[in-house]
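Colleague: Just query_35.pdb, nothing more (PDB, C-alpha atoms, pLDDT in the B column):
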```
MODEL        1
ATOM      1  CA  LYS A 274     -36.358  -7.176  10.048  1.00 57.00           C
ATOM      2  CA  ILE A 275     -37.995  -7.952  13.387  1.00 60.00           C
ATOM      3  CA  TYR A 276     -34.833  -7.050  15.324  1.00 58.00           C
ATOM      4  CA  PHE A 277     -34.483  -3.846  13.352  1.00 57.00           C
ATOM      5  CA  SER A 278     -38.131  -2.927  14.036  1.00 58.00           C
ATOM      6  CA  ILE A 279     -37.721  -3.586  17.765  1.00 62.00           C
ATOM      7  CA  LEU A 280     -34.497  -1.573  17.840  1.00 54.00           C
ATOM      8  CA  ALA A 281     -36.151   1.307  15.967  1.00 61.00           C
ATOM      9  CA  CYS A 282     -39.076   1.310  18.401  1.00 57.00           C
ATOM     10  CA  LEU A 283     -36.731   1.329  21.397  1.00 59.00           C
ATOM     11  CA  LEU A 284     -34.663   4.168  19.983  1.00 58.00           C
ATOM     12  CA  TYR A 285     -37.776   6.174  19.215  1.00 58.00           C
ATOM     13  CA  ALA A 286     -39.125   5.605  22.738  1.00 59.00           C
ATOM     14  CA  CYS A 287     -35.835   6.767  24.268  1.00 58.00           C
ATOM     15  CA  SER A 288     -35.426   9.800  22.026  1.00 50.00           C
ATOM     16  CA  ASN A 289     -35.360  13.194  23.667  1.00 50.00           C
ATOM     17  CA  THR A 290     -38.622  14.818  22.655  1.00 49.00           C
ATOM     18  CA  LYS A 291     -38.150  17.829  24.890  1.00 59.00           C
ATOM     19  CA  GLU A 292     -41.007  20.261  24.634  1.00 68.00           C
ATOM     20  CA  LYS A 293     -39.928  23.675  23.420  1.00 79.00           C
ATOM     21  CA  ILE A 294     -40.744  26.489  25.821  1.00 80.00           C
ATOM     22  CA  PRO A 295     -42.653  29.336  24.139  1.00 85.00           C
ATOM     23  CA  GLU A 296     -40.609  32.433  23.367  1.00 85.00           C
ATOM     24  CA  ASN A 297     -42.439  34.704  25.822  1.00 89.00           C
ATOM     25  CA  ILE A 298     -41.861  32.319  28.763  1.00 95.00           C
ATOM     26  CA  LEU A 299     -38.801  32.658  30.991  1.00 96.00           C
ATOM     27  CA  SER A 300     -36.309  29.804  31.041  1.00 95.00           C
ATOM     28  CA  GLU A 301     -36.327  27.449  34.010  1.00 95.00           C
ATOM     29  CA  THR A 302     -33.009  28.729  35.386  1.00 96.00           C
ATOM     30  CA  ILE A 303     -33.978  32.398  35.222  1.00 97.00           C
ATOM     31  CA  PHE A 304     -37.392  31.617  36.676  1.00 97.00           C
ATOM     32  CA  GLU A 305     -35.685  29.745  39.536  1.00 97.00           C
ATOM     33  CA  ASP A 306     -33.560  32.778  40.347  1.00 97.00           C
ATOM     34  CA  ILE A 307     -36.578  35.073  40.263  1.00 97.00           C
ATOM     35  CA  LEU A 308     -38.627  32.747  42.462  1.00 96.00           C
ATOM     36  CA  LYS A 309     -35.786  32.539  44.964  1.00 96.00           C
ATOM     37  CA  GLN A 310     -35.635  36.314  45.267  1.00 96.00           C
ATOM     38  CA  ILE A 311     -39.410  36.604  45.458  1.00 95.00           C
ATOM     39  CA  HIS A 312     -39.647  34.024  48.236  1.00 94.00           C
ATOM     40  CA  LEU A 313     -36.903  35.785  50.193  1.00 94.00           C
ATOM     41  CA  SER A 314     -38.850  39.049  49.800  1.00 95.00           C
ATOM     42  CA  GLU A 315     -42.086  37.370  50.873  1.00 94.00           C
ATOM     43  CA  GLY A 316     -40.323  35.914  53.915  1.00 93.00           C
ATOM     44  CA  ALA A 317     -39.006  39.342  54.898  1.00 95.00           C
ATOM     45  CA  PHE A 318     -42.527  40.724  54.467  1.00 95.00           C
ATOM     46  CA  GLU A 319     -43.955  38.081  56.811  1.00 95.00           C
ATOM     47  CA  LEU A 320     -41.298  38.906  59.414  1.00 94.00           C
ATOM     48  CA  ASN A 321     -41.810  42.670  59.170  1.00 94.00           C
ATOM     49  CA  LYS A 322     -45.591  42.979  58.834  1.00 93.00           C
ATOM     50  CA  PRO A 323     -46.317  42.637  62.593  1.00 94.00           C
ATOM     51  CA  LYS A 324     -44.012  45.605  63.266  1.00 95.00           C
ATOM     52  CA  ASN A 325     -45.334  47.960  60.584  1.00 95.00           C
ATOM     53  CA  MET A 326     -47.750  46.637  57.987  1.00 95.00           C
ATOM     54  CA  GLU A 327     -47.650  49.683  55.683  1.00 96.00           C
ATOM     55  CA  ASN A 328     -43.849  49.764  55.618  1.00 96.00           C
ATOM     56  CA  ALA A 329     -43.718  45.993  55.008  1.00 95.00           C
ATOM     57  CA  LYS A 330     -46.175  46.291  52.080  1.00 96.00           C
ATOM     58  CA  SER A 331     -44.202  49.159  50.589  1.00 96.00           C
ATOM     59  CA  THR A 332     -40.926  47.275  50.918  1.00 97.00           C
ATOM     60  CA  LEU A 333     -42.440  44.169  49.320  1.00 96.00           C
ATOM     61  CA  ALA A 334     -43.804  46.184  46.391  1.00 97.00           C
ATOM     62  CA  ASN A 335     -40.394  47.824  45.928  1.00 97.00           C
ATOM     63  CA  ASN A 336     -38.711  44.408  46.050  1.00 97.00           C
ATOM     64  CA  TYR A 337     -41.003  43.050  43.336  1.00 97.00           C
ATOM     65  CA  THR A 338     -40.315  46.102  41.166  1.00 97.00           C
ATOM     66  CA  SER A 339     -36.582  45.724  41.737  1.00 98.00           C
ATOM     67  CA  ILE A 340     -36.641  42.022  40.850  1.00 98.00           C
ATOM     68  CA  TYR A 341     -38.637  42.638  37.679  1.00 98.00           C
ATOM     69  CA  SER A 342     -36.292  45.472  36.742  1.00 98.00           C
ATOM     70  CA  GLU A 343     -33.185  43.352  37.374  1.00 97.00           C
ATOM     71  CA  TYR A 344     -34.428  40.661  34.991  1.00 97.00           C
ATOM     72  CA  LYS A 345     -35.969  43.157  32.556  1.00 97.00           C
ATOM     73  CA  ILE A 346     -39.429  41.619  32.803  1.00 97.00           C
ATOM     74  CA  SER A 347     -42.898  42.832  33.726  1.00 96.00           C
ATOM     75  CA  ALA A 348     -45.357  41.511  36.262  1.00 96.00           C
ATOM     76  CA  ILE A 349     -47.320  40.117  33.299  1.00 96.00           C
ATOM     77  CA  ASP A 350     -44.231  38.240  32.067  1.00 97.00           C
ATOM     78  CA  PHE A 351     -43.845  36.722  35.519  1.00 97.00           C
ATOM     79  CA  LYS A 352     -47.523  35.755  35.748  1.00 97.00           C
ATOM     80  CA  ASN A 353     -47.518  34.242  32.255  1.00 96.00           C
ATOM     81  CA  THR A 354     -44.426  32.217  33.100  1.00 97.00           C
ATOM     82  CA  LEU A 355     -45.932  31.054  36.387  1.00 96.00           C
ATOM     83  CA  ASN A 356     -49.132  30.047  34.585  1.00 96.00           C
ATOM     84  CA  TYR A 357     -47.136  28.163  31.937  1.00 96.00           C
ATOM     85  CA  TYR A 358     -45.172  26.162  34.487  1.00 96.00           C
ATOM     86  CA  ALA A 359     -48.325  25.578  36.573  1.00 96.00           C
ATOM     87  CA  GLN A 360     -49.753  23.845  33.500  1.00 95.00           C
ATOM     88  CA  HIS A 361     -46.605  21.664  33.456  1.00 95.00           C
ATOM     89  CA  PRO A 362     -46.456  20.469  37.074  1.00 93.00           C
ATOM     90  CA  GLU A 363     -43.440  18.216  36.539  1.00 95.00           C
ATOM     91  CA  LYS A 364     -41.426  21.236  35.403  1.00 95.00           C
ATOM     92  CA  LEU A 365     -42.731  23.408  38.234  1.00 95.00           C
ATOM     93  CA  GLU A 366     -41.846  20.720  40.771  1.00 96.00           C
ATOM     94  CA  TYR A 367     -38.327  20.528  39.319  1.00 95.00           C
ATOM     95  CA  ILE A 368     -37.982  24.323  39.448  1.00 96.00           C
ATOM     96  CA  TYR A 369     -39.161  24.504  43.051  1.00 95.00           C
ATOM     97  CA  SER A 370     -36.848  21.696  44.128  1.00 95.00           C
ATOM     98  CA  ASN A 371     -33.955  23.714  42.681  1.00 95.00           C
ATOM     99  CA  VAL A 372     -35.182  26.888  44.406  1.00 95.00           C
ATOM    100  CA  LEU A 373     -35.371  25.015  47.702  1.00 94.00           C
ATOM    101  CA  GLU A 374     -31.869  23.648  47.173  1.00 94.00           C
ATOM    102  CA  LYS A 375     -30.504  27.147  46.471  1.00 93.00           C
ATOM    103  CA  LEU A 376     -32.223  28.575  49.549  1.00 92.00           C
ATOM    104  CA  THR A 377     -30.896  25.741  51.696  1.00 91.00           C
ATOM    105  CA  GLU A 378     -27.355  26.303  50.408  1.00 90.00           C
ATOM    106  CA  GLU A 379     -27.638  30.029  51.097  1.00 86.00           C
ATOM    107  CA  ARG A 380     -28.912  29.366  54.602  1.00 85.00           C
ATOM    108  CA  SER A 381     -26.063  26.966  55.381  1.00 85.00           C
ATOM    109  CA  THR A 382     -23.566  29.539  54.086  1.00 84.00           C
ATOM    110  CA  LEU A 383     -25.087  32.189  56.343  1.00 81.00           C
ATOM    111  CA  ASN A 384     -25.070  29.798  59.308  1.00 83.00           C
ATOM    112  CA  GLN A 385     -21.346  29.206  58.829  1.00 83.00           C
ATOM    113  CA  GLN A 386     -20.554  32.909  59.056  1.00 76.00           C
TER     114      GLN A 386
ENDMDL
END
```
Could I get this file's structure written as structure tokens?

Modeller:
Amino acid sequence: KIYFSILACLLYACSNTKEKIPENILSETIFEDILKQIHLSEGAFELNKPKNMENAKSTLANNYTSIYSEYKISAIDFKNTLNYYAQHPEKLEYIYSNVLEKLTEERSTLNQQ
């Protein structure tokens, strides 16, 4: 009985008790793709704002609208998802490490061309 109890405790401790993401929150993979595009847009904004601030702001706003449209979400959906993952820092860290990896891969591909 003791061995069985220990085994049961170990199995319970190792079980996958993955928290279910609420229905109105974007999945990690989709959120990663959106964040990647947003950070590329923000980077372009930072590069272009010294040349023409109004044009850079307009382009950034259009990029956000385009990204939201592509993924069929609203700015509120994005903010709610960001807030959700901010309350789960381990998930947000994982997401951002994947975003960084994707951006690094894209940069190395561009450097090879």

Colleague: How many Å lie between atom CA of Phe304 of chain A and atom CA of Lys322 of chain A, rounded to one decimal?

Modeller: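 A separation of 26.2 Å between them.
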
Colleague: Let me know the residues the PyMOL selection byres ((chain A and resi 302) around 12) catches in the file above, as a compact mmCIF listing (two decimals) with C-alpha atoms, in the coordinates of the input.

Modeller:
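So out22.txt came out as:
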```txt
# COMPACT_ATOMS: atom_id res chain seq x y z
CA ILE A 298 -41.86 32.32 28.76
CA LEU A 299 -38.80 32.66 30.99
CA SER A 300 -36.31 29.80 31.04
CA GLU A 301 -36.33 27.45 34.01
CA ILE A 303 -33.98 32.40 35.22
CA PHE A 304 -37.39 31.62 36.68
CA GLU A 305 -35.68 29.74 39.54
CA ASP A 306 -33.56 32.78 40.35
CA ILE A 307 -36.58 35.07 40.26
CA LEU A 308 -38.63 32.75 42.46
CA LYS A 309 -35.79 32.54 44.96
CA LYS A 364 -41.43 21.24 35.40
CA LEU A 365 -42.73 23.41 38.23
CA TYR A 367 -38.33 20.53 39.32
CA ILE A 368 -37.98 24.32 39.45
CA TYR A 369 -39.16 24.50 43.05
CA SER A 370 -36.85 21.70 44.13
CA ASN A 371 -33.96 23.71 42.68
CA VAL A 372 -35.18 26.89 44.41
CA LYS A 375 -30.50 27.15 46.47
```

Colleague: Would you compute, for all listed atoms of segment 327-333 of chain A, the axis-aligned bounding box grown by 3 Å on each side, and then report its centre and edge lengths in Å rounded to one decimal, as JSON?

Modeller:
```
{"center_x": -44.3, "center_y": 47.0, "center_z": 52.5, "size_x": 12.7, "size_y": 11.6, "size_z": 12.4}
```

Colleague: Enter the distance from atom CA of Glu378 of chain A to atom CA of Thr354 of chain A, in Å, rounded to one decimal.

Modeller: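 Separating atom CA of Glu378 of chain A from atom CA of Thr354 of chain A is a distance of 25.0 Å.
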
Colleague: Which of these, A:Glu374, A:Ala317, A:Ala329, A:Gln310, has the shortest distance to Glu343 of chain A once you count all atoms listed in the file?

Modeller: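 Closest to Glu343 of chain A, using all atoms listed in the file: A:Gln310.
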
Colleague: Do you have the atom CA of Leu333 of chain A-atom CA of Glu366 of chain A distance handy?

Modeller: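 Atom-to-atom, atom CA of Leu333 of chain A and atom CA of Glu366 of chain A are spaced 25.0 Å apart.
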
Colleague: Taking the file as I've supplied it (selection: the PyMOL selection byres ((chain A and resi 350) around 12)), which residues are included? Please answer as number ranges by chain.

Modeller: A: 296-300, 304, 307, 341-342, 344-349, 351-357

Colleague: Give the answer as one residue: which of A:Ile294, A:Leu376, A:Ala359, A:Met326 has the shortest atom-to-atom distance to His312 of chain A, using all atoms listed in the file?

Modeller: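 Of A:Ile294, A:Leu376, A:Ala359, A:Met326, the one nearest His312 of chain A, counting all atoms listed in the file, is A:Leu376.
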
Colleague: May I ask which of the residues A:Leu373, A:Asn336, A:Thr382, A:Glu363 is the closest one to Phe318 of chain A, counting only C-alpha atoms?

Modeller: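 Using only C-alpha atoms, Phe318 of chain A sits closest to A:Asn336.
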
Colleague: Select, from A:Gln360, A:Lys293, A:Asn384, A:Ser314, the residue with the minimum atom-to-atom distance to Tyr337 of chain A, counting only C-alpha atoms.

Modeller: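 Distance minimum relative to Tyr337 of chain A lands on A:Ser314.
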
Colleague: Here is a test: counting all atoms listed in the file, which residue of A:Pro323, A:Leu313, A:Ser339, A:Ala334 is nearest to Arg380 of chain A?

Modeller: A:Leu313

Colleague: Hey, which of A:Gln386, A:Asn335, A:Ser381, A:Asn325 ends up closest to Ile311 of chain A? Count only C-alpha atoms.

Modeller: A:Asn335
